[in-house]
>>> print(open('input35.pdb').read())   # PDB, C-alpha atoms and all ligand atoms
ATOM      1  CA  MET V 607      12.843   4.999  16.939
ATOM      2  CA  SER V 608      12.920   8.599  15.961
ATOM      3  CA  ILE V 609      14.081   9.930  12.635
ATOM      4  CA  ASP V 610      16.544  12.759  12.111
ATOM      5  CA  TRP V 611      14.697  14.869   9.544
ATOM      6  CA  SER V 612      17.631  17.116   8.654
ATOM      7  CA  PRO V 613      18.162  15.460   5.207
ATOM      8  CA  LEU V 614      14.607  16.510   4.308
ATOM      9  CA  SER V 615      15.001  20.092   5.554
ATOM     10  CA  GLU V 616      18.321  20.331   3.744
ATOM     11  CA  LEU V 617      16.691  19.160   0.519
ATOM     12  CA  ILE V 618      13.921  21.719   0.955
ATOM     13  CA  ALA V 619      16.478  24.461   1.608
ATOM     14  CA  THR V 620      18.430  23.705  -1.563
ATOM     15  CA  ARG V 621      15.924  22.453  -4.205
ATOM     16  CA  ASP V 622      12.713  23.825  -5.672
ATOM     17  CA  ARG V 623      11.208  21.320  -8.111
ATOM     18  CA  PHE V 624      10.218  18.023  -6.471
ATOM     19  CA  LEU V 625       8.986  14.702  -7.769
ATOM     20  CA  VAL V 626       6.998  12.565  -5.335
ATOM     21  CA  THR V 627       6.220   8.918  -6.053
ATOM     22  CA  THR V 628       5.106   5.694  -4.387
ATOM     23  CA  HIS V 629       4.665   1.980  -5.050
ATOM     24  CA  VAL V 630       2.707   0.081  -7.692
ATOM     25  CA  ARG V 631      -0.906  -0.782  -6.823
ATOM     26  CA  PRO V 632      -0.936   2.139  -4.372
ATOM     27  CA  ASP V 633      -2.913   1.744  -1.144
ATOM     28  CA  GLY V 634      -4.242   4.309   1.312
ATOM     29  CA  ASP V 635      -0.864   4.762   2.988
ATOM     30  CA  ALA V 636       0.909   5.300  -0.330
ATOM     31  CA  LEU V 637      -1.546   7.866  -1.701
ATOM     32  CA  GLY V 638      -2.395   9.503   1.633
ATOM     33  CA  SER V 639       1.301   9.970   2.422
ATOM     34  CA  GLU V 640       1.755  11.601  -0.985
ATOM     35  CA  VAL V 641      -1.061  14.044  -0.211
ATOM     36  CA  GLY V 642       0.634  14.875   3.096
ATOM     37  CA  MET V 643       4.049  15.307   1.511
ATOM     38  CA  VAL V 644       2.649  17.560  -1.227
ATOM     39  CA  GLY V 645       1.034  19.776   1.415
ATOM     40  CA  LEU V 646       4.294  19.951   3.339
ATOM     41  CA  LEU V 647       6.366  20.863   0.261
ATOM     42  CA  ARG V 648       3.856  23.401  -1.065
ATOM     43  CA  GLN V 649       3.832  25.202   2.301
ATOM     44  CA  LYS V 650       7.522  25.664   1.649
ATOM     45  CA  GLY V 651       6.691  27.157  -1.757
ATOM     46  CA  LYS V 652       7.933  24.155  -3.713
ATOM     47  CA  ASP V 653       6.855  23.056  -7.185
ATOM     48  CA  VAL V 654       5.690  19.446  -6.731
ATOM     49  CA  ARG V 655       4.601  16.755  -9.166
ATOM     50  CA  VAL V 656       3.224  13.415  -8.005
ATOM     51  CA  VAL V 657       3.848  10.703 -10.582
ATOM     52  CA  ASN V 658       2.886   7.082  -9.912
ATOM     53  CA  ALA V 659       3.422   3.841 -11.820
ATOM     54  CA  SER V 660      -0.189   2.790 -11.259
ATOM     55  CA  ARG V 661      -3.443   4.611 -11.754
ATOM     56  CA  THR V 662      -5.271   5.714  -8.617
ATOM     57  CA  PRO V 663      -7.878   3.118  -7.558
ATOM     58  CA  PRO V 664     -11.372   4.683  -7.728
ATOM     59  CA  ARG V 665     -11.968   4.268  -3.983
ATOM     60  CA  TYR V 666      -9.227   6.865  -3.320
ATOM     61  CA  ASP V 667     -10.525   9.474  -5.777
ATOM     62  CA  TYR V 668     -11.533  11.751  -2.864
ATOM     63  CA  LEU V 669      -7.831  12.319  -2.141
ATOM     64  CA  ASP V 670      -7.557  14.094  -5.511
ATOM     65  CA  PRO V 671     -10.905  15.873  -5.925
ATOM     66  CA  THR V 672      -9.805  17.864  -8.984
ATOM     67  CA  GLY V 673      -8.083  14.879 -10.619
ATOM     68  CA  THR V 674      -4.925  16.918 -11.122
ATOM     69  CA  LEU V 675      -2.682  15.707  -8.297
ATOM     70  CA  PHE V 676      -1.868  12.073  -9.119
ATOM     71  CA  GLU V 677      -0.284  11.702 -12.565
ATOM     72  CA  HIS V 678       0.147   8.323 -14.229
ATOM     73  CA  TYR V 679       3.612   7.522 -15.569
ATOM     74  CA  GLY V 680       3.559   6.351 -19.157
ATOM     75  CA  THR V 681       0.288   8.070 -20.118
ATOM     76  CA  ASP V 682      -0.003  11.497 -18.404
ATOM     77  CA  VAL V 683       3.753  11.876 -17.984
ATOM     78  CA  GLN V 684       6.789  10.649 -19.927
ATOM     79  CA  LEU V 685      10.412  10.432 -18.856
ATOM     80  CA  ASP V 686      11.332  13.675 -20.667
ATOM     81  CA  ASP V 687       8.621  15.630 -18.835
ATOM     82  CA  LEU V 688      10.480  15.022 -15.575
ATOM     83  CA  LYS V 689      13.875  16.382 -16.670
ATOM     84  CA  ASP V 690      13.310  19.597 -14.681
ATOM     85  CA  ARG V 691      12.820  17.800 -11.342
ATOM     86  CA  GLU V 692      15.617  18.519  -8.848
ATOM     87  CA  ALA V 693      14.832  15.954  -6.143
ATOM     88  CA  VAL V 694      12.729  12.823  -5.804
ATOM     89  CA  ILE V 695      10.917  11.741  -2.654
ATOM     90  CA  ILE V 696       9.892   8.074  -2.636
ATOM     91  CA  LEU V 697       7.194   7.114  -0.143
ATOM     92  CA  ASP V 698       6.178   3.792   1.438
ATOM     93  CA  LEU V 699       8.631   1.500  -0.372
ATOM     94  CA  SER V 700      12.304   0.534  -0.387
ATOM     95  CA  ALA V 701      12.456  -2.031  -3.220
ATOM     96  CA  TRP V 702      13.074  -1.564  -6.948
ATOM     97  CA  SER V 703      10.300  -3.998  -7.855
ATOM     98  CA  GLN V 704       7.787  -1.859  -5.972
ATOM     99  CA  LEU V 705       8.518   1.140  -8.194
ATOM    100  CA  GLY V 706       7.161  -0.502 -11.348
ATOM    101  CA  ASP V 707       7.826   1.575 -14.459
ATOM    102  CA  VAL V 708       8.849   4.572 -12.320
ATOM    103  CA  ALA V 709      12.043   2.606 -11.544
ATOM    104  CA  GLU V 710      13.483   3.918 -14.826
ATOM    105  CA  VAL V 711      12.877   7.491 -13.669
ATOM    106  CA  VAL V 712      14.594   6.843 -10.350
ATOM    107  CA  ARG V 713      17.516   4.886 -11.860
ATOM    108  CA  GLY V 714      18.382   7.732 -14.193
ATOM    109  CA  PHE V 715      17.635  10.495 -11.710
ATOM    110  CA  GLU V 716      20.590  12.816 -11.278
ATOM    111  CA  GLY V 717      19.379  14.784  -8.261
ATOM    112  CA  PRO V 718      19.093  13.549  -4.695
ATOM    113  CA  ARG V 719      16.722  10.684  -3.828
ATOM    114  CA  LEU V 720      15.019  10.484  -0.456
ATOM    115  CA  VAL V 721      13.057   7.468   0.783
ATOM    116  CA  ILE V 722      10.534   7.831   3.626
ATOM    117  CA  ASP V 723       9.308   4.381   4.600
ATOM    118  CA  HIS V 724       8.410   1.835   7.284
ATOM    119  CA  HIS V 725       9.043  -1.467   5.442
ATOM    120  CA  VAL V 726      11.715  -3.874   6.671
ATOM    121  CA  SER V 727      12.938  -5.168   3.299
ATOM    122  CA  GLN V 728      15.344  -2.807   1.572
ATOM    123  CA  ASP V 729      17.160  -2.540  -1.779
ATOM    124  CA  ASP V 730      19.878  -0.002  -2.515
ATOM    125  CA  LEU V 731      17.879   2.680  -4.329
ATOM    126  CA  GLY V 732      20.846   5.064  -4.226
ATOM    127  CA  ALA V 733      18.846   7.119  -1.760
ATOM    128  CA  THR V 734      18.984   8.611   1.709
ATOM    129  CA  TYR V 735      16.652   6.530   3.866
ATOM    130  CA  LEU V 736      14.458   8.157   6.479
ATOM    131  CA  LYS V 737      13.054   4.994   7.893
ATOM    132  CA  ASP V 738      11.266   3.741  10.988
ATOM    133  CA  THR V 739      10.139   0.122  10.776
ATOM    134  CA  SER V 740       8.246   0.496  14.050
ATOM    135  CA  ALA V 741       5.924   3.098  12.513
ATOM    136  CA  GLU V 742       2.433   1.803  11.722
ATOM    137  CA  ALA V 743       2.330   3.755   8.452
ATOM    138  CA  THR V 744       4.424   6.004   6.264
ATOM    139  CA  GLY V 745       1.691   8.577   6.928
ATOM    140  CA  THR V 746       2.816   8.691  10.570
ATOM    141  CA  LEU V 747       6.315   9.601   9.396
ATOM    142  CA  VAL V 748       4.951  12.430   7.241
ATOM    143  CA  VAL V 749       3.129  13.774  10.325
ATOM    144  CA  GLN V 750       6.442  13.654  12.215
ATOM    145  CA  ALA V 751       8.233  15.415   9.354
ATOM    146  CA  THR V 752       5.603  18.159   9.397
ATOM    147  CA  HIS V 753       6.216  18.672  13.123
ATOM    148  CA  ALA V 754       9.987  18.569  12.705
ATOM    149  CA  LEU V 755       9.847  21.288  10.045
ATOM    150  CA  GLY V 756       7.505  23.431  12.124
ATOM    151  CA  LEU V 757       4.754  23.338   9.487
ATOM    152  CA  THR V 758       0.965  23.151   9.763
ATOM    153  CA  ILE V 759      -1.213  20.167   8.912
ATOM    154  CA  THR V 760      -3.887  21.561   6.591
ATOM    155  CA  PRO V 761      -7.338  19.894   6.322
ATOM    156  CA  GLU V 762      -6.304  18.363   2.952
ATOM    157  CA  MET V 763      -3.111  16.937   4.461
ATOM    158  CA  ALA V 764      -5.082  15.686   7.469
ATOM    159  CA  ALA V 765      -7.520  13.772   5.218
ATOM    160  CA  GLY V 766      -4.643  12.118   3.360
ATOM    161  CA  LEU V 767      -2.667  11.276   6.476
ATOM    162  CA  LEU V 768      -5.684   9.904   8.359
ATOM    163  CA  THR V 769      -6.416   7.703   5.333
ATOM    164  CA  ALA V 770      -2.786   6.530   5.344
ATOM    165  CA  ILE V 771      -2.729   5.534   9.009
ATOM    166  CA  ALA V 772      -6.267   4.135   9.089
ATOM    167  CA  MET V 773      -5.687   1.871   6.096
ATOM    168  CA  ASP V 774      -2.290   0.545   7.225
ATOM    169  CA  THR V 775      -3.740  -0.349  10.648
ATOM    170  CA  GLY V 776      -6.889  -1.955   9.201
ATOM    171  CA  TRP V 777      -8.905   0.943  10.639
ATOM    172  CA  PHE V 778      -7.115   0.615  14.013
ATOM    173  CA  ARG V 779      -7.710  -3.130  14.395
ATOM    174  CA  HIS V 780      -4.285  -4.578  13.539
ATOM    175  CA  PRO V 781      -1.615  -5.193  16.196
ATOM    176  CA  ASN V 782       0.430  -2.266  14.859
ATOM    177  CA  THR V 783      -2.194   0.082  16.379
ATOM    178  CA  LYS V 784      -0.569   1.803  19.355
ATOM    179  CA  PRO V 785      -1.649   4.462  21.846
ATOM    180  CA  SER V 786       0.398   6.934  19.798
ATOM    181  CA  THR V 787      -1.575   5.934  16.668
ATOM    182  CA  LEU V 788      -4.781   7.229  18.182
ATOM    183  CA  LEU V 789      -3.085  10.365  19.490
ATOM    184  CA  THR V 790      -1.928  11.100  15.936
ATOM    185  CA  ILE V 791      -5.448  10.459  14.651
ATOM    186  CA  ALA V 792      -6.821  12.847  17.286
ATOM    187  CA  GLU V 793      -4.430  15.499  16.001
ATOM    188  CA  LEU V 794      -5.498  14.868  12.390
ATOM    189  CA  ILE V 795      -9.198  15.137  13.261
ATOM    190  CA  ALA V 796      -8.468  18.400  15.081
ATOM    191  CA  ALA V 797      -6.639  19.548  11.936
ATOM    192  CA  GLY V 798      -9.761  18.997   9.851
ATOM    193  CA  ALA V 799      -9.868  15.334   8.780
ATOM    194  CA  LYS V 800     -13.512  14.211   8.655
ATOM    195  CA  ILE V 801     -13.168  10.643   9.930
ATOM    196  CA  GLU V 802     -16.823   9.639   9.424
ATOM    197  CA  GLU V 803     -16.829  10.925   5.843
ATOM    198  CA  ILE V 804     -13.529   9.183   5.038
ATOM    199  CA  TYR V 805     -14.890   5.905   6.425
ATOM    200  CA  ARG V 806     -18.024   6.214   4.290
ATOM    201  CA  LEU V 807     -16.008   7.001   1.148
ATOM    202  CA  LEU V 808     -13.707   4.023   1.712
ATOM    203  CA  PHE V 809     -16.050   1.335   2.989
ATOM    204  CA  GLU V 810     -19.639   2.223   2.185
ATOM    205  CA  ARG V 811     -19.308   2.913  -1.504
ATOM    206  CA  SER V 812     -19.423  -0.454  -3.230
ATOM    207  CA  THR V 813     -20.161  -1.148  -6.844
ATOM    208  CA  LEU V 814     -22.513  -3.974  -7.769
ATOM    209  CA  GLY V 815     -19.522  -5.800  -9.290
ATOM    210  CA  ARG V 816     -17.554  -5.552  -6.052
ATOM    211  CA  LEU V 817     -20.375  -7.009  -3.954
ATOM    212  CA  LYS V 818     -21.072  -9.777  -6.471
ATOM    213  CA  MET V 819     -17.356 -10.641  -6.455
ATOM    214  CA  LEU V 820     -17.453 -10.821  -2.655
ATOM    215  CA  GLY V 821     -20.327 -13.300  -3.008
ATOM    216  CA  GLU V 822     -18.486 -15.404  -5.575
ATOM    217  CA  SER V 823     -15.287 -15.555  -3.561
ATOM    218  CA  LEU V 824     -17.112 -16.459  -0.329
ATOM    219  CA  ALA V 825     -18.979 -19.212  -2.206
ATOM    220  CA  SER V 826     -15.589 -20.671  -3.181
ATOM    221  CA  LEU V 827     -14.252 -20.593   0.402
ATOM    222  CA  GLN V 828     -13.108 -23.927   1.799
ATOM    223  CA  THR V 829     -10.959 -25.203   4.643
ATOM    224  CA  ASP V 830      -8.161 -27.753   4.708
ATOM    225  CA  LEU V 831      -5.565 -29.190   7.096
ATOM    226  CA  ASP V 832      -8.219 -29.904   9.755
ATOM    227  CA  GLY V 833      -9.643 -26.415   9.556
ATOM    228  CA  ARG V 834      -6.314 -24.651  10.124
ATOM    229  CA  VAL V 835      -6.243 -23.209   6.582
ATOM    230  CA  ALA V 836      -9.005 -21.497   4.629
ATOM    231  CA  TYR V 837      -8.718 -20.473   1.022
ATOM    232  CA  ALA V 838     -10.807 -18.860  -1.669
ATOM    233  CA  THR V 839     -10.305 -18.641  -5.401
ATOM    234  CA  VAL V 840     -11.213 -15.967  -7.917
ATOM    235  CA  THR V 841     -11.187 -17.021 -11.572
ATOM    236  CA  ARG V 842     -11.040 -14.945 -14.748
ATOM    237  CA  ASP V 843     -14.586 -16.088 -15.369
ATOM    238  CA  ASP V 844     -15.669 -14.582 -12.006
ATOM    239  CA  PHE V 845     -14.505 -11.159 -13.248
ATOM    240  CA  VAL V 846     -16.516 -11.549 -16.455
ATOM    241  CA  ARG V 847     -19.670 -12.735 -14.681
ATOM    242  CA  THR V 848     -19.625 -10.150 -11.868
ATOM    243  CA  GLY V 849     -18.256  -7.159 -13.744
ATOM    244  CA  ALA V 850     -15.749  -6.621 -10.913
ATOM    245  CA  ILE V 851     -12.356  -4.979 -11.509
ATOM    246  CA  PRO V 852      -9.057  -6.270 -10.015
ATOM    247  CA  GLN V 853      -9.106  -3.657  -7.190
ATOM    248  CA  ASP V 854     -12.430  -5.107  -6.046
ATOM    249  CA  THR V 855     -10.565  -8.134  -4.683
ATOM    250  CA  GLU V 856      -8.185  -6.229  -2.385
ATOM    251  CA  ASP V 857      -9.890  -6.979   0.966
ATOM    252  CA  LEU V 858     -11.223 -10.452   0.137
ATOM    253  CA  VAL V 859      -8.319 -12.339   1.724
ATOM    254  CA  ASP V 860      -9.307 -10.951   5.129
ATOM    255  CA  TYR V 861     -12.458 -13.093   5.079
ATOM    256  CA  THR V 862     -10.370 -16.268   4.826
ATOM    257  CA  VAL V 863      -8.714 -15.739   8.219
ATOM    258  CA  SER V 864     -11.991 -14.655   9.791
ATOM    259  CA  VAL V 865     -13.157 -18.287   9.889
ATOM    260  CA  GLU V 866     -13.073 -19.578  13.487
ATOM    261  CA  GLY V 867     -10.034 -21.798  14.104
ATOM    262  CA  VAL V 868      -8.264 -20.816  10.889
ATOM    263  CA  GLU V 869      -4.593 -19.906  11.276
ATOM    264  CA  VAL V 870      -3.652 -19.224   7.666
ATOM    265  CA  GLY V 871      -5.884 -17.694   5.008
ATOM    266  CA  LEU V 872      -5.139 -17.737   1.291
ATOM    267  CA  LEU V 873      -6.701 -16.053  -1.690
ATOM    268  CA  PHE V 874      -5.841 -17.154  -5.237
ATOM    269  CA  ILE V 875      -6.715 -14.755  -8.050
ATOM    270  CA  GLU V 876      -6.377 -15.589 -11.722
ATOM    271  CA  GLN V 877      -4.898 -12.586 -13.507
ATOM    272  CA  ALA V 878      -6.271 -11.184 -16.760
ATOM    273  CA  LYS V 879      -2.809 -11.276 -18.366
ATOM    274  CA  GLY V 880      -2.240 -14.879 -17.233
ATOM    275  CA  GLY V 881      -0.726 -16.222 -14.033
ATOM    276  CA  ILE V 882      -2.094 -16.258 -10.521
ATOM    277  CA  LYS V 883      -1.730 -13.802  -7.682
ATOM    278  CA  ILE V 884      -1.800 -15.236  -4.188
ATOM    279  CA  SER V 885      -2.323 -13.349  -0.930
ATOM    280  CA  ALA V 886      -1.687 -14.893   2.474
ATOM    281  CA  ARG V 887      -2.703 -13.817   5.965
ATOM    282  CA  SER V 888      -1.786 -15.494   9.241
ATOM    283  CA  ARG V 889      -3.258 -15.427  12.719
ATOM    284  CA  ASN V 890      -0.924 -17.669  14.708
ATOM    285  CA  GLY V 891       2.418 -16.043  14.068
ATOM    286  CA  LEU V 892       3.212 -18.128  10.979
ATOM    287  CA  ASP V 893       5.502 -16.010   8.804
ATOM    288  CA  CYS V 894       3.623 -15.349   5.541
ATOM    289  CA  ALA V 895       6.595 -13.570   3.943
ATOM    290  CA  LYS V 896       8.743 -16.665   4.580
ATOM    291  CA  LEU V 897       5.991 -18.982   3.368
ATOM    292  CA  LEU V 898       5.644 -17.150   0.059
ATOM    293  CA  ALA V 899       9.371 -16.501  -0.388
ATOM    294  CA  GLN V 900       9.658 -20.038  -1.820
ATOM    295  CA  PHE V 901       7.236 -18.885  -4.556
ATOM    296  CA  GLY V 902       9.179 -15.684  -5.248
ATOM    297  CA  GLY V 903       6.881 -13.546  -3.095
ATOM    298  CA  GLY V 904       7.339 -11.338  -0.066
ATOM    299  CA  GLY V 905       5.734  -8.898   2.340
ATOM    300  CA  HIS V 906       5.214  -8.832   6.075
ATOM    301  CA  LYS V 907       4.916 -11.583   8.673
ATOM    302  CA  ALA V 908       1.137 -11.351   8.967
ATOM    303  CA  ALA V 909       0.444 -10.476   5.331
ATOM    304  CA  ALA V 910       2.272 -11.369   2.127
ATOM    305  CA  GLY V 911       1.768 -11.972  -1.573
ATOM    306  CA  ALA V 912       3.289 -13.755  -4.561
ATOM    307  CA  SER V 913       2.738 -14.344  -8.261
ATOM    308  CA  LEU V 914       2.500 -17.887  -9.612
ATOM    309  CA  PRO V 915       2.165 -19.327 -13.100
ATOM    310  CA  ASP V 916      -1.065 -20.951 -14.350
ATOM    311  CA  PRO V 917      -3.018 -23.112 -13.777
ATOM    312  CA  LEU V 918      -4.977 -22.607 -10.577
ATOM    313  CA  SER V 919      -5.741 -26.316 -10.203
ATOM    314  CA  GLU V 920      -2.009 -27.105  -9.869
ATOM    315  CA  GLN V 921      -1.009 -24.124  -7.717
ATOM    316  CA  VAL V 922      -3.604 -24.545  -4.952
ATOM    317  CA  PRO V 923      -2.323 -28.003  -3.855
ATOM    318  CA  ARG V 924       1.299 -26.805  -4.160
ATOM    319  CA  VAL V 925       0.734 -23.871  -1.828
ATOM    320  CA  LEU V 926      -1.380 -25.940   0.587
ATOM    321  CA  GLU V 927       1.495 -28.415   0.824
ATOM    322  CA  ALA V 928       3.876 -25.566   1.657
ATOM    323  CA  VAL V 929       1.490 -24.392   4.377
ATOM    324  CA  ARG V 930       1.277 -27.940   5.742
ATOM    325  CA  GLN V 931       5.086 -28.051   5.996
ATOM    326  CA  ALA V 932       5.238 -24.596   7.568
ATOM    327  CA  LEU V 933       2.590 -25.470  10.171
ATOM    328  CA  LYS V 934       4.486 -28.676  11.012
ATOM    329  CA  ALA V 935       7.739 -26.784  11.519
TER
HETATM  330 MN    MN V1001       2.622   1.543   4.370
END
>>> encode(input="input35.pdb", output="structure tokens")
Amino acid sequence: MSIDWSPLSELIATRDRFLVTTHVRPDGDALGSEVGMVGLLRQKGKDVRVVNASRTPPRYDYLDPTGTLFEHYGTDVQLDDLKDREAVIILDLSAWSQLGDVAEVVRGFEGPRLVIDHHVSQDDLGATYLKDTSAEATGTLVVQATHALGLTITPEMAAGLLTAIAMDTGWFRHPNTKPSTLLTIAELIAAGAKIEEIYRLLFERSTLGRLKMLGESLASLQTDLDGRVAYATVTRDDFVRTGAIPQDTEDLVDYTVSVEGVEVGLLFIEQAKGGIKISARSRNGLDCAKLLAQFGGGGHKAAAGASLPDPLSEQVPRVLEAVRQALKA
């Protein structure tokens, strides 16, 4: 699939003040793609503001070394502050729910809306969609846009875009890693991305709370359905005892499917505000998005999530039963 980038060049030719945004609980692809898009627009002399519904997780602080790029909607920026924006570019999402509080900005936005994304699910955001669901990351699409517009990838853009692609491919381990992925990465390293430094900043910079939470969650790990399912639980009490923050749990679900013989891995996390968040991963082709759709969740085939009501003790057997049915089918 290759995208026709003319809607983007047309927008750049006719508008000057841009708003760039991405999804709630932003990941490396969301934030890294924003960094790339900002670099692209600023090369064209545009005035750009990046306003997100969620705060930037601390592990991605290196993408905004001066702390001035990512603005938080609701605290740093209010609706009225964005009245002068002439166009909005939405990255790495196509669903209203993923916009969080920024949805109100987009709903009332009078100028053109452009979505650049690689997700399959899609709402009508009243936008022009520049979409390639075969792309491993939205960051890849920003690289392609940069080429299409004849612009240069600066070292700052390269760091953001390498982060985007590396994180959405699980550091080039997931099946969405293609020969072209590594060719793009080669280009980004040549453009100034320091891959070893980015790896260290992302993966070798734990807090004590994060490591203690890893310990707690692994201690809770158990298998069921003859070893075909593994699940771990994180309670509110675990957060208090370890001092971990919610972002410290983001990779924990990957350990559940790393158990030999396990086909489906689940992580249940009690939320501070009440309710339970569940993440699912599959190794045998079981469709996690379909599995969690019956609990109001969604995502991809190999990785999905949902929110459930309390209590944990009732939800774990409910979800295990759903997995049992899905594995039987
Ligand atoms: Mn993505």
>>> closest_atom_pairs(input="input35.pdb", of="chain V", to="ligand MN 1001 (chain V)", cutoff="9 Å", atoms="only C-alpha atoms and all ligand atoms", output="CSV")
residue,atom,partner,partner_atom,distance
V:Asp633,CA,V:MN1001,MN,7.8
V:Gly634,CA,V:MN1001,MN,8.0
V:Asp635,CA,V:MN1001,MN,4.9
V:Ala636,CA,V:MN1001,MN,6.3
V:Ser639,CA,V:MN1001,MN,8.7
V:Leu697,CA,V:MN1001,MN,8.5
V:Asp698,CA,V:MN1001,MN,5.1
V:Leu699,CA,V:MN1001,MN,7.7
V:Asp723,CA,V:MN1001,MN,7.3
V:His724,CA,V:MN1001,MN,6.5
V:His725,CA,V:MN1001,MN,7.2
V:Ala741,CA,V:MN1001,MN,8.9
V:Glu742,CA,V:MN1001,MN,7.4
V:Ala743,CA,V:MN1001,MN,4.7
V:Thr744,CA,V:MN1001,MN,5.2
V:Gly745,CA,V:MN1001,MN,7.5
V:Ala770,CA,V:MN1001,MN,7.4
V:Ile771,CA,V:MN1001,MN,8.1
V:Met773,CA,V:MN1001,MN,8.5
V:Asp774,CA,V:MN1001,MN,5.8
>>> closest_residue(input="input35.pdb", among="V:Ala764, V:Leu807, V:Val694, V:Leu736", to="Leu646 of chain V", atoms="only C-alpha atoms")
V:Ala764
>>> residues_around(input="input35.pdb", residues="segment 653-663 of chain V", least_positions_apart="5", cutoff="8 Å", atoms="all atoms listed in the file", output="list in words")
Asp622, Arg623, Phe624, Leu625, Val626, Thr627, Thr628, His629, Val630, Arg631, Pro632, Glu640, Val644, Leu647, Arg648, Leu675, Phe676, Glu677, His678, Tyr679, Gly680, Val683, Leu705, Gly706, Asp707, Val708 and Gln853 of chain V
>>> closest_residue(input="input35.pdb", among="V:Val870, V:Val712, V:Val726, V:Met643", to="Thr829 of chain V", atoms="only C-alpha atoms")
V:Val870
>>> resolve_selection(input="input35.pdb", expression="the PyMOL selection byres (((chain V and resi 883-898) around 10) and not hetatm)", output="JSON, numbers by chain")
{"V": [834, 835, 837, 839, 840, 856, 858, 859, 860, 861, 862, 863, 864, 867, 868, 869, 870, 871, 872, 873, 874, 875, 876, 877, 880, 881, 882, 899, 900, 901, 902, 903, 904, 905, 906, 907, 908, 909, 910, 911, 912, 913, 914, 915, 916, 918, 921, 922, 925, 928, 929, 931, 932, 933, 935]}
>>> atom_distance(input="input35.pdb", atom1="atom CA of Gly714 of chain V", atom2="atom CA of Ala701 of chain V")
15.8 Å
>>> residues_near_point(input="input35.pdb", point="(-7.7, 16.7, 9.6)", cutoff="9 Å", atoms="only C-alpha atoms", output="list of chain:residue names")
V:Ile759, V:Thr760, V:Pro761, V:Glu762, V:Met763, V:Ala764, V:Ala765, V:Gly766, V:Leu767, V:Leu768, V:Ile791, V:Ala792, V:Glu793, V:Leu794, V:Ile795, V:Ala796, V:Ala797, V:Gly798, V:Ala799, V:Lys800, V:Ile801
>>> closest_residue(input="input35.pdb", among="V:Thr787, V:Ser608, V:Ser826, V:Ser615", to="Leu755 of chain V", atoms="all atoms listed in the file")
V:Ser615
>>> atom_distance(input="input35.pdb", atom1="atom CA of Thr775 of chain V", atom2="atom CA of Asp667 of chain V")
20.3 Å
>>> atom_distance(input="input35.pdb", atom1="atom CA of Asp682 of chain V", atom2="atom CA of Phe715 of chain V")
18.9 Å
>>> axis_aligned_box(input="input35.pdb", around="segment 698-704 of chain V", padding_each_side="8 Å", output="JSON")
{"center_x": 9.6, "center_y": -0.1, "center_z": -3.2, "size_x": 22.9, "size_y": 23.8, "size_z": 25.3}
>>> closest_residue(input="input35.pdb", among="V:Ile695, V:Leu824, V:Ala751, V:Leu926", to="Tyr735 of chain V", atoms="all atoms listed in the file")
V:Ile695
>>> residues_near_point(input="input35.pdb", point="(20.4, 11.7, 8.5)", cutoff="12 Å", atoms="only C-alpha atoms", output="list in words")
Ser608, Ile609, Asp610, Trp611, Ser612, Pro613, Leu614, Ser615, Glu616, Leu617, Leu720, Val721, Ile722, Ala733, Thr734, Tyr735, Leu736 and Lys737 of chain V
